[in-house]
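Below: one structure, written as C-alpha cells.
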Amino acid sequence: MSRHLKFVQGNVACAEAALYAGLEFFAGYPITPSSEIAEFMAKRLPQSGGKFIQMEDEIASICAIIGASLTGRKVMTATSGPGFSLMQEALGYAVMTEIPCVIVNVQRGGPSTGLPTHVSQGDVNQARYGTHGEHAIVALTASTHQDIFAITVDAFNFAETYRTPVILLLDETTGHLRERLDVPKKDEIATVGRLKTSVQQGVDYHPYLPREDGRLPMSDFGGAHRYNVTGLFHDMWGFPTESPKIVYGLIRHLVDKIEHNADQMTRWKEYYTDDAPTVLISYGAASRSALHLVENRRKRGEKLGLLELQTLWPFPHALVREKCRHARAVVVVEMNMGQVLQQVKLAVDQPEKVFLANRIDGELITPTDIQNIIHVIQGKGV
Amino acid sequence: MPVRDYLRERFFPHMWCPGCGHGTVLNALLRAVEKLGLDKNDIVMVSGIGCSARISGYVDFHTMHTLHGRALAFATGVKMSRPELTVLVPMGDGDALAIGGNHFLHAARRNIDMTAIIMNNRIYGMTGGQFSPLTGYGCFGTTAPYGNVDHDFDVVELSTAAGATFVARSTTYHVIELADIIKKAITHKGFSVVEVLSQCPTNFGRRNQLGSAVEMLETYKKQTVPLNSKAAQDAPDKIRRGIFVEKERPEYSNEYKKMIRTATGES
Amino acid sequence: MAKTRLVFSGSGGQGVITAGIIIAETAVLHEGLNAVQTQSYGAEARGGATRSDVIISDAPIYFPKVVQPNILVCLTQTAYTKYVPSLRPGGLLITDTRWVSIEKTVDARRFELPLTDTVSEKIGNSVVLNIAMLGAVVRLTEVVSPDAVKKVIKNRVPKDYLELNETAFDVGFDLAKKNQT
Amino acid sequence: MSKDKPTYKEHRVEREWCKGCGICVHFCPKNVLALDQEQKVMAARPEDCICCRLCEYRCPDLAIEVICED
C-alpha cells in the first residue's frame, strides 16, 4: 500500500492539491456543494502555518484573498453558483489589477439557489462572461480525482505565471464523489512560485510595466516598493488614468496575455479520436459517462472517440477543430443547454455536424442517455 | 512640512472640491502618522470607492483602491497575511455603511486590528449628491428631492454594538483633536472606528442651505460638544465628540496566531 | 472480477453513507481495487431518504452511479419500495426485519436479517446498526475481507467507540453467517 | 522653566494647491490671513501670527506651512 494513497472526495482532492501547490491563505463562506473545501482548509492550513478565515459572505471572501495575495501569499476561495455570482465584481477587480488567485466553483443546479445537492455544468459561460467589461479568463476542470489534483496545481501555476484569477469549475458529482487519489510526492508536479521583482529598494519599480516576455514581476505589500493598486484603468505605476492610449494598451494586455498563451494552458485527454467517425466532446462529471460509453461500445466494435476538455477558457478552438476534422458527427456531452456546444460549433469546419447530448434536471447524464441521443443522430443518416 | 514626506506630491493639487473636508481628514491623518513616527513601508491603506476613496492615491504608503464598500474585506486579507503592518481603511459613509455595511459589522465583530476612518459627509458626492445612510431624515439629495424619509445611523452606537473596541467621533473643524484621536485609534490594538464629520459644500451643503465650507465648519463648531463635558451636560441635543469606547478584547490576528500554535501542537 | 454495484439505502441518520464509504475505502486502500462512492440525499440532515452508491472493480470506473445494483440493502420500507425494482435479477437483497416487510417475490437471493433487533439485544446501542449491516454485507458478498474492513473502521472511528463498532461488525457478520444456509 | 514662545518666520503657501476655500482666513484667531486677487491665501498681517498652526492643520489642500523657530 502506498503511503500517499487516499480515498477522498473530489473537493478534498482539490484542497490537497492546493496545499501541494503552496496555498497559504484561504477565505470562504459555506455553501453546498463546496463546503468540504473550506472545512479541510480550516483544519489543515493552520497546521502548516497558513491561514483560513470564514468571511461574512462570498464577496468578502474573494476580496480577502485578493488582499492576501498582494502581500505575497498564494490564495484560494471556493464556492458554488450563488456564491460565484456574488464574486463576479471582485473577480473583475482581480483581472484588472492582475492579482493571482484561484477561485473554485463546485457547480450545482441553477439559476438562483437552484439545486444545492445536485449536479450541473451551467456556469461555463458565467466563468467567462460573468464579470463586466472586456477581458479574458482562465477556467479549468477535470473529471477524476487524480486529474482534479493535477489541474488544481495547474490553476495555481497559471495564476502565478500570468498574474490572473483562475477559475476551477468542478461540479457536485466529482466534488462529492469519493475515489482513490494518489497524492504525488513532493516535486513530482512542478509548482510555480510568485515572480518577484529584482528591482532594489530606492530604484523605481513599475508594478504594471510588463517585462519583454509579458510577465509582471510583483512586489509584496509591506515590502520595499510602495505603489498603488486600483480597479480603474491605470498606468505603469498603478495610478488611475483615462488616457485612451493607456486604456487601449491595458485591455490588449489583459486579453493577449491569456489568449496568446492559450496553447500553454490547454489541457485535455483523448480516447480513440483517431479513427472515430463519431467524436464525443465532454468535460467534468459528464465526461465520465461519455468515457464509460466509449469504452463499452469499443468492446462491441463501435468506433466512438472522446475528447475530454480540461481547459474550458481560453477555449481550445484549434484543438477541437483538429480532433474533429475527420469526424462525421461530433456530440457535445454536457449538463447545460449547450454552453460548450456553442464554442465547438465555432471551432469546427461544419457546425451542422455538431450535436448536443445533455441533461439539465440535476441528475448526472448516464451512458444510456448519451447512447440514445447517438442513436437519434445516426437515425438522421449521419 | 514634514507631513509632505508622506504625500505623493505629483498628484497635487488633489481632485477634491474647494473647501471639501476630506482634504482636512488627510491632513490630520498624516499628522497622526508623523507623530507616531511610522515607516511608510509599514503602512497599508485600503480604500473603497467614492470621493473619500481617492485619499489612498495621495499617500505614499502601500495603497489599494478597491471596490465600493469592500475595503474592509480586502484589508482583512492584508492584515491576516501580514499582521505586523499598520492597516488604515478610510471610507465614505455610503461606502462603509450602505454597500459595505455588512463588512463593517463583521470587521468590528472580529476585532481585527485596523483603523476604519468614516469620512461622513452625509452624501454620495462623486455620483452627484444622492442621499446616503447618514444623510438624515428631512434632508435633501438628488434622490431625495422632497426631503429624505430615510433615517440615519448613529455610527458610534452602531460600531459599539458591533463590537468595535475603539470608537470615536470628531470633525474637520476640531483638527488638533482629530489628529490626536486618529493617532490613538492607530495605536489601539483592535478594530478602531473614527467617524469624522467632513463637510461636502458642493453636494450636501448647497442642497441643504448650509452655506459655504466655512459656514459648515461653523456649524461643527457650534453644534458639537466634547463628550462628558459641562457643555455636553448643558446641551443634550448637540452631537458628542471624543472617544466613546476604548477597551481590550482579544484581537483577531493574535488569536489566530494562538490557533496556529494549537494546530501545530506548539502551545 | 466483475463490477460489484452496491446500494445502501435507508433514512438520514442511519449511517448508510458512512457504511458505503467504509467498504469502498477498504477496497481501495487494502484490496488494491478501484472503488467509487456517491450518495444522494435530500436537504434534511436527519430523517430523509438516503442512498449511498458504491462500485467496486479491478478495472477503472468511469460512470460513478449505480443504475442497477447487484447488491441492495434496504433499512426502511420506503427505501425498499423505491429501490427494489432496480435490483438486478439474481442479485442480493438484504433487508432489516424490524423495518422492512417483503411485499412481493423478487428474483434475488434474499436475506431478511433481524439486524436492528440483534444490535439492540447484543449491544444495546442502535447507533452502530450501519456497521452491523456492513458486517452482514461483507460476509454475504466477500467483496472485501473482514480484517481489511476493520482496519478502515479503526482509522475512522474515535478510539472510545472502536470496540463498540468492532463488536457491531462481528454481530452483523455472524448473523449473516447463521442465515447463510 | 517655561519654553520661549516660538518665533514666527513665514507662511509658506503652495499656490498651485490652494483652492481658495477661505477656511484658513475665516478661522485664523489673529486675522493674519487673506485671499489675494487670484483667490490664493497669503499672510496679510504676518506680524500678528502666534504660530498656532491651525491654518496649516485645517487646510483641506495641504497648501499651508507655517514656519516658526522654537
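Ligands are numbered from 1 in the order shown, chains are lettered A, B, ... in the order of the C-alpha cells, and residues start at 1 in each chain.
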task: Using only C-alpha atoms, determine which residues lie at most 10 Å from range 21-38 of chain D, disregarding the query and same-chain residues fewer than 3 positions distant; provide the list as a VMD selection string.
output: (chain B and resid 17 to 20 173 212 to 215 217 to 218) or (chain D and resid 11 15 18 41 to 50 52 to 61 64)
I need the chosen residues saved as a CSV table (one decimal), in the first residue's frame, with N, CA, C and O atoms.
```csv
chain,number,residue,atom,x,y,z
B,17,CYS,N,-13.1,69.1,-4.2
B,17,CYS,CA,-13.7,70.4,-4.4
B,17,CYS,C,-13.0,71.4,-3.4
B,17,CYS,O,-12.6,71.0,-2.3
B,18,PRO,N,-13.0,72.7,-3.8
B,18,PRO,CA,-12.6,73.7,-2.8
B,18,PRO,C,-13.4,73.6,-1.5
B,18,PRO,O,-14.6,73.5,-1.6
B,19,GLY,N,-12.7,73.5,-0.4
B,19,GLY,CA,-13.4,73.5,0.9
B,19,GLY,C,-13.9,72.1,1.3
B,19,GLY,O,-14.5,72.0,2.4
B,20,CYS,N,-13.6,71.1,0.6
B,20,CYS,CA,-14.0,69.7,0.9
B,20,CYS,C,-13.3,69.3,2.2
B,20,CYS,O,-12.1,69.4,2.3
B,173,TYR,N,-13.5,70.5,11.8
B,173,TYR,CA,-13.2,71.8,12.5
B,173,TYR,C,-12.2,71.6,13.6
B,173,TYR,O,-11.2,72.3,13.8
B,212,SER,N,-21.5,77.9,2.8
B,212,SER,CA,-20.2,77.6,2.3
B,212,SER,C,-19.5,76.6,3.2
B,212,SER,O,-20.0,76.2,4.3
B,213,ALA,N,-18.3,76.1,2.8
B,213,ALA,CA,-17.5,75.2,3.7
B,213,ALA,C,-17.2,75.9,5.0
B,213,ALA,O,-17.3,75.3,6.1
B,214,VAL,N,-16.9,77.2,5.0
B,214,VAL,CA,-16.7,77.9,6.2
B,214,VAL,C,-17.9,77.9,7.2
B,214,VAL,O,-17.8,77.6,8.4
B,215,GLU,N,-19.1,78.1,6.6
B,215,GLU,CA,-20.3,78.1,7.4
B,215,GLU,C,-20.6,76.7,7.9
B,215,GLU,O,-21.1,76.5,9.1
B,217,LEU,N,-18.3,74.5,8.7
B,217,LEU,CA,-17.4,74.3,9.8
B,217,LEU,C,-17.9,75.0,11.1
B,217,LEU,O,-17.7,74.6,12.2
B,218,GLU,N,-18.4,76.2,10.9
B,218,GLU,CA,-19.0,76.9,12.0
B,218,GLU,C,-20.1,76.1,12.7
B,218,GLU,O,-20.2,76.1,13.9
D,11,HIS,N,4.8,82.2,6.4
D,11,HIS,CA,3.8,81.3,5.8
D,11,HIS,C,4.3,80.8,4.5
D,11,HIS,O,4.5,81.6,3.6
D,15,ARG,N,1.0,77.6,-3.8
D,15,ARG,CA,-0.1,78.4,-4.5
D,15,ARG,C,-0.9,77.5,-5.5
D,15,ARG,O,-2.1,77.6,-5.7
D,18,CYS,N,-3.5,75.6,-3.4
D,18,CYS,CA,-4.6,76.3,-2.7
D,18,CYS,C,-5.8,76.5,-3.7
D,18,CYS,O,-5.6,77.0,-4.8
D,41,VAL,N,-4.3,82.0,-0.7
D,41,VAL,CA,-4.1,82.5,0.6
D,41,VAL,C,-2.7,83.2,0.7
D,41,VAL,O,-1.8,82.8,0.0
D,42,MET,N,-2.7,84.3,1.5
D,42,MET,CA,-1.4,85.0,1.8
D,42,MET,C,-1.5,85.5,3.2
D,42,MET,O,-2.5,85.7,3.8
D,43,ALA,N,-0.3,85.7,3.7
D,43,ALA,CA,-0.2,86.3,5.1
D,43,ALA,C,-0.3,87.8,5.0
D,43,ALA,O,0.7,88.5,4.6
D,44,ALA,N,-1.5,88.4,5.2
D,44,ALA,CA,-1.6,89.8,5.0
D,44,ALA,C,-1.1,90.6,6.3
D,44,ALA,O,-0.6,91.7,6.1
D,45,ARG,N,-1.2,90.0,7.5
D,45,ARG,CA,-0.7,90.6,8.7
D,45,ARG,C,0.2,89.7,9.4
D,45,ARG,O,-0.1,89.2,10.6
D,46,PRO,N,1.3,89.3,8.8
D,46,PRO,CA,2.2,88.3,9.4
D,46,PRO,C,2.7,88.6,10.8
D,46,PRO,O,2.9,87.7,11.7
D,47,GLU,N,2.8,89.9,11.1
D,47,GLU,CA,3.3,90.3,12.4
D,47,GLU,C,2.3,89.9,13.6
D,47,GLU,O,2.8,89.7,14.7
D,48,ASP,N,1.1,89.5,13.2
D,48,ASP,CA,0.1,89.1,14.3
D,48,ASP,C,0.1,87.6,14.5
D,48,ASP,O,-0.5,87.1,15.4
D,49,CYS,N,0.9,86.9,13.7
D,49,CYS,CA,0.8,85.4,13.8
D,49,CYS,C,1.4,84.9,15.1
D,49,CYS,O,2.4,85.3,15.5
D,50,ILE,N,0.7,84.0,15.7
D,50,ILE,CA,1.1,83.4,17.0
D,50,ILE,C,1.6,82.0,16.9
D,50,ILE,O,1.7,81.2,17.9
D,52,CYS,N,0.1,79.3,15.9
D,52,CYS,CA,-0.8,78.2,16.4
D,52,CYS,C,-1.0,77.1,15.4
D,52,CYS,O,-1.4,76.0,15.7
D,53,ARG,N,-0.7,77.5,14.1
D,53,ARG,CA,-0.7,76.5,13.0
D,53,ARG,C,-2.1,75.9,12.7
D,53,ARG,O,-2.2,74.9,12.0
D,54,LEU,N,-3.1,76.5,13.2
D,54,LEU,CA,-4.4,76.0,12.9
D,54,LEU,C,-4.7,76.1,11.4
D,54,LEU,O,-5.4,75.2,10.8
D,55,CYS,N,-4.2,77.1,10.7
D,55,CYS,CA,-4.4,77.2,9.3
D,55,CYS,C,-3.8,76.0,8.6
D,55,CYS,O,-4.4,75.4,7.6
D,56,GLU,N,-2.6,75.7,9.0
D,56,GLU,CA,-1.8,74.5,8.4
D,56,GLU,C,-2.6,73.2,8.7
D,56,GLU,O,-2.8,72.4,7.7
D,57,TYR,N,-3.1,73.0,9.9
D,57,TYR,CA,-3.8,71.8,10.2
D,57,TYR,C,-5.2,71.7,9.5
D,57,TYR,O,-5.6,70.6,9.1
D,58,ARG,N,-5.8,72.9,9.3
D,58,ARG,CA,-7.2,72.8,8.8
D,58,ARG,C,-7.2,72.8,7.3
D,58,ARG,O,-8.3,72.6,6.7
D,59,CYS,N,-6.1,73.2,6.7
D,59,CYS,CA,-6.2,73.4,5.2
D,59,CYS,C,-6.5,72.1,4.5
D,59,CYS,O,-5.8,71.2,4.6
D,60,PRO,N,-7.6,72.1,3.8
D,60,PRO,CA,-8.0,70.9,3.1
D,60,PRO,C,-7.1,70.6,1.9
D,60,PRO,O,-7.2,69.5,1.3
D,61,ASP,N,-6.3,71.6,1.5
D,61,ASP,CA,-5.5,71.4,0.3
D,61,ASP,C,-4.1,71.1,0.7
D,61,ASP,O,-3.2,71.0,-0.2
D,64,ILE,N,-0.7,75.0,3.1
D,64,ILE,CA,0.0,76.0,4.0
D,64,ILE,C,1.0,75.3,4.9
D,64,ILE,O,0.7,74.3,5.5
```
Which residues of chain C come within 10 Å of chain A, and what is each one's closest atom pair and distance in Å (one decimal), counting only C-alpha atoms, sorted by chain and residue number, as a Markdown table?
```
| residue | atom | partner | partner_atom | distance |
| --- | --- | --- | --- | --- |
| C:Ile21 | CA | A:Arg178 | CA | 7.7 |
| C:Ile22 | CA | A:Phe7 | CA | 9.7 |
| C:Ala24 | CA | A:Glu179 | CA | 8.1 |
| C:Glu25 | CA | A:Phe7 | CA | 5.7 |
| C:Thr26 | CA | A:Phe7 | CA | 9.0 |
| C:Ala27 | CA | A:Phe7 | CA | 9.6 |
| C:Val28 | CA | A:Arg180 | CA | 6.5 |
| C:Leu29 | CA | A:Met1 | CA | 6.8 |
| C:His30 | CA | A:Met1 | CA | 7.0 |
| C:Glu31 | CA | A:Met1 | CA | 9.0 |
| C:Gly32 | CA | A:Met1 | CA | 7.9 |
| C:Leu33 | CA | A:Arg180 | CA | 9.5 |
| C:Asn34 | CA | A:Arg180 | CA | 7.2 |
| C:Ala35 | CA | A:Glu179 | CA | 6.0 |
| C:Val36 | CA | A:Glu179 | CA | 4.7 |
| C:Gln37 | CA | A:Arg178 | CA | 5.0 |
| C:Thr38 | CA | A:Leu177 | CA | 5.0 |
| C:Gln39 | CA | A:Leu177 | CA | 7.8 |
| C:Ser40 | CA | A:Thr117 | CA | 7.9 |
| C:Tyr41 | CA | A:Thr117 | CA | 7.6 |
| C:Gly42 | CA | A:Thr117 | CA | 7.6 |
| C:Ala43 | CA | A:Thr117 | CA | 7.6 |
| C:Asp53 | CA | A:Leu177 | CA | 9.8 |
| C:Val54 | CA | A:Arg178 | CA | 9.3 |
| C:Ile55 | CA | A:Glu179 | CA | 9.9 |
| C:Pro60 | CA | A:His292 | CA | 9.5 |
| C:Ile61 | CA | A:His292 | CA | 7.8 |
| C:Tyr62 | CA | A:Arg288 | CA | 4.7 |
| C:Phe63 | CA | A:Ser289 | CA | 4.7 |
| C:Pro64 | CA | A:Arg288 | CA | 7.7 |
| C:Lys65 | CA | A:Leu364 | CA | 8.2 |
| C:Val67 | CA | A:Thr366 | CA | 8.9 |
```
Keeping N, CA, C and O atoms, export the residues of the selection given above as a CSV table (one decimal), in the first residue's frame.
```
chain,number,residue,atom,x,y,z
C,21,ILE,N,-18.9,4.4,2.5
C,21,ILE,CA,-17.6,4.9,2.4
C,21,ILE,C,-16.6,3.9,2.9
C,21,ILE,O,-15.5,3.7,2.3
C,22,ILE,N,-17.0,3.2,4.0
C,22,ILE,CA,-16.0,2.3,4.6
C,22,ILE,C,-15.7,1.1,3.7
C,22,ILE,O,-14.6,0.7,3.5
C,24,ALA,N,-16.0,1.0,0.5
C,24,ALA,CA,-15.3,1.4,-0.7
C,24,ALA,C,-13.8,1.8,-0.4
C,24,ALA,O,-12.9,1.4,-1.1
C,25,GLU,N,-13.7,2.4,0.8
C,25,GLU,CA,-12.3,2.8,1.2
C,25,GLU,C,-11.5,1.5,1.4
C,25,GLU,O,-10.3,1.4,1.1
C,26,THR,N,-12.1,0.5,2.0
C,26,THR,CA,-11.4,-0.8,2.2
C,26,THR,C,-10.9,-1.3,0.9
C,26,THR,O,-9.8,-1.8,0.8
C,27,ALA,N,-11.8,-1.3,-0.1
C,27,ALA,CA,-11.4,-1.9,-1.4
C,27,ALA,C,-10.2,-1.2,-2.0
C,27,ALA,O,-9.3,-1.8,-2.6
C,28,VAL,N,-10.2,0.2,-1.9
C,28,VAL,CA,-9.1,1.0,-2.5
C,28,VAL,C,-7.8,0.9,-1.7
C,28,VAL,O,-6.7,0.7,-2.2
C,29,LEU,N,-7.9,1.1,-0.4
C,29,LEU,CA,-6.7,1.2,0.4
C,29,LEU,C,-6.1,-0.2,0.8
C,29,LEU,O,-4.9,-0.3,1.0
C,30,HIS,N,-6.9,-1.2,0.9
C,30,HIS,CA,-6.4,-2.5,1.4
C,30,HIS,C,-6.5,-3.7,0.4
C,30,HIS,O,-5.9,-4.7,0.6
C,31,GLU,N,-7.3,-3.5,-0.6
C,31,GLU,CA,-7.5,-4.7,-1.5
C,31,GLU,C,-7.0,-4.4,-2.9
C,31,GLU,O,-7.1,-5.3,-3.8
C,32,GLY,N,-6.4,-3.3,-3.1
C,32,GLY,CA,-5.8,-3.0,-4.4
C,32,GLY,C,-6.9,-2.9,-5.5
C,32,GLY,O,-6.6,-3.1,-6.7
C,33,LEU,N,-8.1,-2.6,-5.2
C,33,LEU,CA,-9.2,-2.5,-6.2
C,33,LEU,C,-9.5,-1.0,-6.4
C,33,LEU,O,-9.1,-0.1,-5.7
C,34,ASN,N,-10.3,-0.8,-7.4
C,34,ASN,CA,-10.9,0.6,-7.6
C,34,ASN,C,-12.3,0.6,-7.0
C,34,ASN,O,-13.0,-0.4,-7.0
C,35,ALA,N,-12.6,1.7,-6.5
C,35,ALA,CA,-14.0,1.9,-5.9
C,35,ALA,C,-14.4,3.3,-6.0
C,35,ALA,O,-13.5,4.2,-5.9
C,36,VAL,N,-15.6,3.5,-6.2
C,36,VAL,CA,-16.2,4.9,-6.1
C,36,VAL,C,-17.4,4.9,-5.2
C,36,VAL,O,-18.1,3.9,-5.1
C,37,GLN,N,-17.6,6.0,-4.5
C,37,GLN,CA,-18.8,6.1,-3.6
C,37,GLN,C,-19.4,7.4,-3.9
C,37,GLN,O,-18.8,8.4,-4.0
C,38,THR,N,-20.7,7.3,-4.1
C,38,THR,CA,-21.5,8.6,-4.2
C,38,THR,C,-22.7,8.5,-3.4
C,38,THR,O,-23.0,7.4,-2.8
C,39,GLN,N,-23.4,9.5,-3.2
C,39,GLN,CA,-24.6,9.5,-2.3
C,39,GLN,C,-25.6,10.5,-2.9
C,39,GLN,O,-25.3,11.4,-3.5
C,40,SER,N,-26.9,10.2,-2.5
C,40,SER,CA,-27.9,11.2,-2.8
C,40,SER,C,-28.8,11.3,-1.6
C,40,SER,O,-29.0,10.4,-0.9
C,41,TYR,N,-29.1,12.5,-1.4
C,41,TYR,CA,-29.8,12.8,-0.2
C,41,TYR,C,-30.6,14.1,-0.3
C,41,TYR,O,-30.3,14.9,-1.2
C,42,GLY,N,-31.7,14.2,0.5
C,42,GLY,CA,-32.5,15.4,0.4
C,42,GLY,C,-31.8,16.5,1.3
C,42,GLY,O,-30.7,16.3,1.8
C,43,ALA,N,-32.5,17.6,1.4
C,43,ALA,CA,-32.0,18.7,2.1
C,43,ALA,C,-31.9,18.5,3.7
C,43,ALA,O,-31.2,19.1,4.4
C,53,ASP,N,-24.2,4.9,-3.0
C,53,ASP,CA,-23.9,4.0,-4.1
C,53,ASP,C,-22.4,3.7,-4.1
C,53,ASP,O,-21.5,4.6,-3.9
C,54,VAL,N,-22.1,2.4,-4.2
C,54,VAL,CA,-20.6,2.0,-4.2
C,54,VAL,C,-20.4,1.1,-5.4
C,54,VAL,O,-21.2,0.2,-5.7
C,55,ILE,N,-19.4,1.4,-6.2
C,55,ILE,CA,-19.0,0.4,-7.2
C,55,ILE,C,-17.6,0.0,-6.9
C,55,ILE,O,-16.7,0.8,-6.6
C,60,PRO,N,-10.9,0.3,-14.2
C,60,PRO,CA,-11.2,1.7,-14.0
C,60,PRO,C,-12.8,1.9,-13.9
C,60,PRO,O,-13.5,1.2,-14.7
C,61,ILE,N,-13.2,2.8,-13.1
C,61,ILE,CA,-14.7,3.0,-13.0
C,61,ILE,C,-14.9,4.5,-13.5
C,61,ILE,O,-14.3,5.4,-12.9
C,62,TYR,N,-15.7,4.6,-14.5
C,62,TYR,CA,-16.0,6.0,-15.0
C,62,TYR,C,-17.3,6.5,-14.5
C,62,TYR,O,-17.3,7.3,-13.6
C,63,PHE,N,-18.4,6.0,-15.1
C,63,PHE,CA,-19.7,6.4,-14.6
C,63,PHE,C,-19.9,6.0,-13.2
C,63,PHE,O,-19.8,4.8,-12.9
C,64,PRO,N,-20.0,6.9,-12.2
C,64,PRO,CA,-19.9,6.5,-10.8
C,64,PRO,C,-21.2,6.2,-10.1
C,64,PRO,O,-21.2,5.8,-8.9
C,65,LYS,N,-22.3,6.3,-10.8
C,65,LYS,CA,-23.6,6.0,-10.1
C,65,LYS,C,-24.0,4.6,-10.4
C,65,LYS,O,-23.6,4.0,-11.4
C,67,VAL,N,-26.9,2.3,-11.5
C,67,VAL,CA,-28.2,2.3,-12.1
C,67,VAL,C,-29.0,1.0,-11.7
C,67,VAL,O,-30.1,1.0,-11.3
```
task: Considering only C-alpha atoms, return as a ChimeraX atom specification whatever protein or nucleic-acid residues lie within 7 Å of range 183-191 of chain B, sequence-local ones (same chain, fewer than 3 positions apart) excluded.
output: /B:32-33,108,111-115,164-166,179-180,251
Residues from last step as file, N, CA and C atoms, as a PDB file, in the first residue's frame:
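Full text of part_32.pdb as output:
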```pdb
ATOM      1  N   ALA B  32      -1.084  62.471  12.361  1.00  0.00           N
ATOM      2  CA  ALA B  32      -1.099  61.364  13.326  1.00  0.00           C
ATOM      3  C   ALA B  32       0.003  60.360  13.001  1.00  0.00           C
ATOM      4  N   VAL B  33       0.121  60.025  11.725  1.00  0.00           N
ATOM      5  CA  VAL B  33       1.135  59.060  11.300  1.00  0.00           C
ATOM      6  C   VAL B  33       2.535  59.605  11.596  1.00  0.00           C
ATOM      7  N   ALA B 108     -15.789  44.713  12.753  1.00  0.00           N
ATOM      8  CA  ALA B 108     -15.886  45.149  14.148  1.00  0.00           C
ATOM      9  C   ALA B 108     -16.062  43.944  15.078  1.00  0.00           C
ATOM     10  N   ASN B 111     -12.944  42.099  15.638  1.00  0.00           N
ATOM     11  CA  ASN B 111     -11.929  42.905  16.330  1.00  0.00           C
ATOM     12  C   ASN B 111     -10.550  42.710  15.711  1.00  0.00           C
ATOM     13  N   ILE B 112     -10.520  42.818  14.395  1.00  0.00           N
ATOM     14  CA  ILE B 112      -9.233  42.725  13.699  1.00  0.00           C
ATOM     15  C   ILE B 112      -8.568  44.097  13.747  1.00  0.00           C
ATOM     16  N   ASP B 113      -7.262  44.090  13.974  1.00  0.00           N
ATOM     17  CA  ASP B 113      -6.546  45.333  14.262  1.00  0.00           C
ATOM     18  C   ASP B 113      -6.367  46.188  13.012  1.00  0.00           C
ATOM     19  N   MET B 114      -7.274  47.123  12.820  1.00  0.00           N
ATOM     20  CA  MET B 114      -7.127  48.102  11.743  1.00  0.00           C
ATOM     21  C   MET B 114      -7.919  49.349  12.120  1.00  0.00           C
ATOM     22  N   THR B 115      -7.638  50.421  11.412  1.00  0.00           N
ATOM     23  CA  THR B 115      -8.288  51.680  11.741  1.00  0.00           C
ATOM     24  C   THR B 115      -9.232  52.088  10.616  1.00  0.00           C
ATOM     25  N   ALA B 164     -16.766  47.004  18.007  1.00  0.00           N
ATOM     26  CA  ALA B 164     -15.513  47.742  17.824  1.00  0.00           C
ATOM     27  C   ALA B 164     -14.944  48.091  19.195  1.00  0.00           C
ATOM     28  N   THR B 165     -13.628  47.983  19.344  1.00  0.00           N
ATOM     29  CA  THR B 165     -13.044  48.198  20.674  1.00  0.00           C
ATOM     30  C   THR B 165     -12.481  49.602  20.838  1.00  0.00           C
ATOM     31  N   PHE B 166     -12.520  50.397  19.777  1.00  0.00           N
ATOM     32  CA  PHE B 166     -12.191  51.815  19.874  1.00  0.00           C
ATOM     33  C   PHE B 166     -13.177  52.548  18.982  1.00  0.00           C
ATOM     34  N   ALA B 179      -6.562  64.835  14.879  1.00  0.00           N
ATOM     35  CA  ALA B 179      -5.261  64.178  14.678  1.00  0.00           C
ATOM     36  C   ALA B 179      -4.919  63.315  15.890  1.00  0.00           C
ATOM     37  N   ASP B 180      -5.235  63.826  17.068  1.00  0.00           N
ATOM     38  CA  ASP B 180      -4.935  63.078  18.295  1.00  0.00           C
ATOM     39  C   ASP B 180      -5.768  61.791  18.379  1.00  0.00           C
ATOM     40  N   GLU B 251      -7.598  40.276  20.060  1.00  0.00           N
ATOM     41  CA  GLU B 251      -7.529  40.747  18.677  1.00  0.00           C
ATOM     42  C   GLU B 251      -7.421  39.549  17.745  1.00  0.00           C
TER      43      GLU B 251
END
```
Which residues are close to Val127 in chain C, i.e. within 10 Å by only C-alpha atoms, leaving aside same-chain residues fewer than 6 positions away? Reply as a compact mmCIF listing (two decimals) with all heavy atoms, in the first residue's frame.
```
# COMPACT_ATOMS: atom_id res chain seq x y z
N GLY C 13 -29.40 9.58 8.85
CA GLY C 13 -29.06 9.34 10.24
C GLY C 13 -28.78 7.88 10.55
O GLY C 13 -28.24 7.56 11.59
N GLN C 14 -29.16 6.98 9.63
CA GLN C 14 -28.91 5.55 9.87
C GLN C 14 -27.48 5.15 9.55
O GLN C 14 -27.06 4.02 9.83
CB GLN C 14 -29.88 4.69 9.04
CG GLN C 14 -31.27 4.59 9.65
CD GLN C 14 -32.17 3.66 8.85
OE1 GLN C 14 -32.19 3.73 7.62
NE2 GLN C 14 -32.92 2.80 9.54
N GLY C 15 -26.80 6.03 8.88
CA GLY C 15 -25.38 5.76 8.63
C GLY C 15 -25.07 4.99 7.37
O GLY C 15 -23.99 4.42 7.23
N THR C 116 -31.45 -4.78 13.37
CA THR C 116 -31.74 -3.82 14.43
C THR C 116 -32.01 -4.53 15.75
O THR C 116 -31.47 -4.15 16.79
CB THR C 116 -32.96 -2.95 14.05
OG1 THR C 116 -32.66 -2.29 12.82
CG2 THR C 116 -33.26 -1.91 15.12
N VAL C 119 -28.76 -6.04 17.16
CA VAL C 119 -27.88 -4.99 17.66
C VAL C 119 -28.40 -4.46 18.99
O VAL C 119 -27.64 -4.29 19.95
CB VAL C 119 -27.72 -3.85 16.62
CG1 VAL C 119 -27.15 -2.60 17.27
CG2 VAL C 119 -26.83 -4.31 15.48
N SER C 120 -29.72 -4.23 19.05
CA SER C 120 -30.31 -3.72 20.29
C SER C 120 -30.10 -4.71 21.42
O SER C 120 -29.74 -4.35 22.54
CB SER C 120 -31.81 -3.47 20.12
OG SER C 120 -32.01 -2.53 19.11
N LEU C 164 -17.01 -0.83 20.37
CA LEU C 164 -18.44 -0.86 20.06
C LEU C 164 -18.66 -1.18 18.59
O LEU C 164 -19.48 -2.03 18.22
CB LEU C 164 -19.05 0.50 20.43
CG LEU C 164 -20.53 0.72 20.15
CD1 LEU C 164 -21.37 -0.09 21.13
CD2 LEU C 164 -20.88 2.20 20.27
N ASN C 165 -17.89 -0.52 17.74
CA ASN C 165 -18.05 -0.70 16.30
C ASN C 165 -17.56 -2.06 15.85
O ASN C 165 -18.17 -2.70 15.00
CB ASN C 165 -17.32 0.42 15.55
CG ASN C 165 -18.14 1.71 15.50
OD1 ASN C 165 -18.98 1.89 14.62
ND2 ASN C 165 -17.92 2.59 16.46
N ALA C 168 -20.12 -4.56 16.74
CA ALA C 168 -21.28 -4.45 15.84
C ALA C 168 -20.98 -5.15 14.52
O ALA C 168 -21.84 -5.85 13.96
CB ALA C 168 -21.61 -2.97 15.61
```
- request: Skip range 66-81 of chain A itself and residues of its chain fewer than 2 positions away, then list as a PyMOL selection string all residues within 6 Å of it, counting only C-alpha atoms.
  value: (chain A and resi 23-28+34+63-64+83-84+101-107+220-221) or (chain B and resi 74+77-78+81)
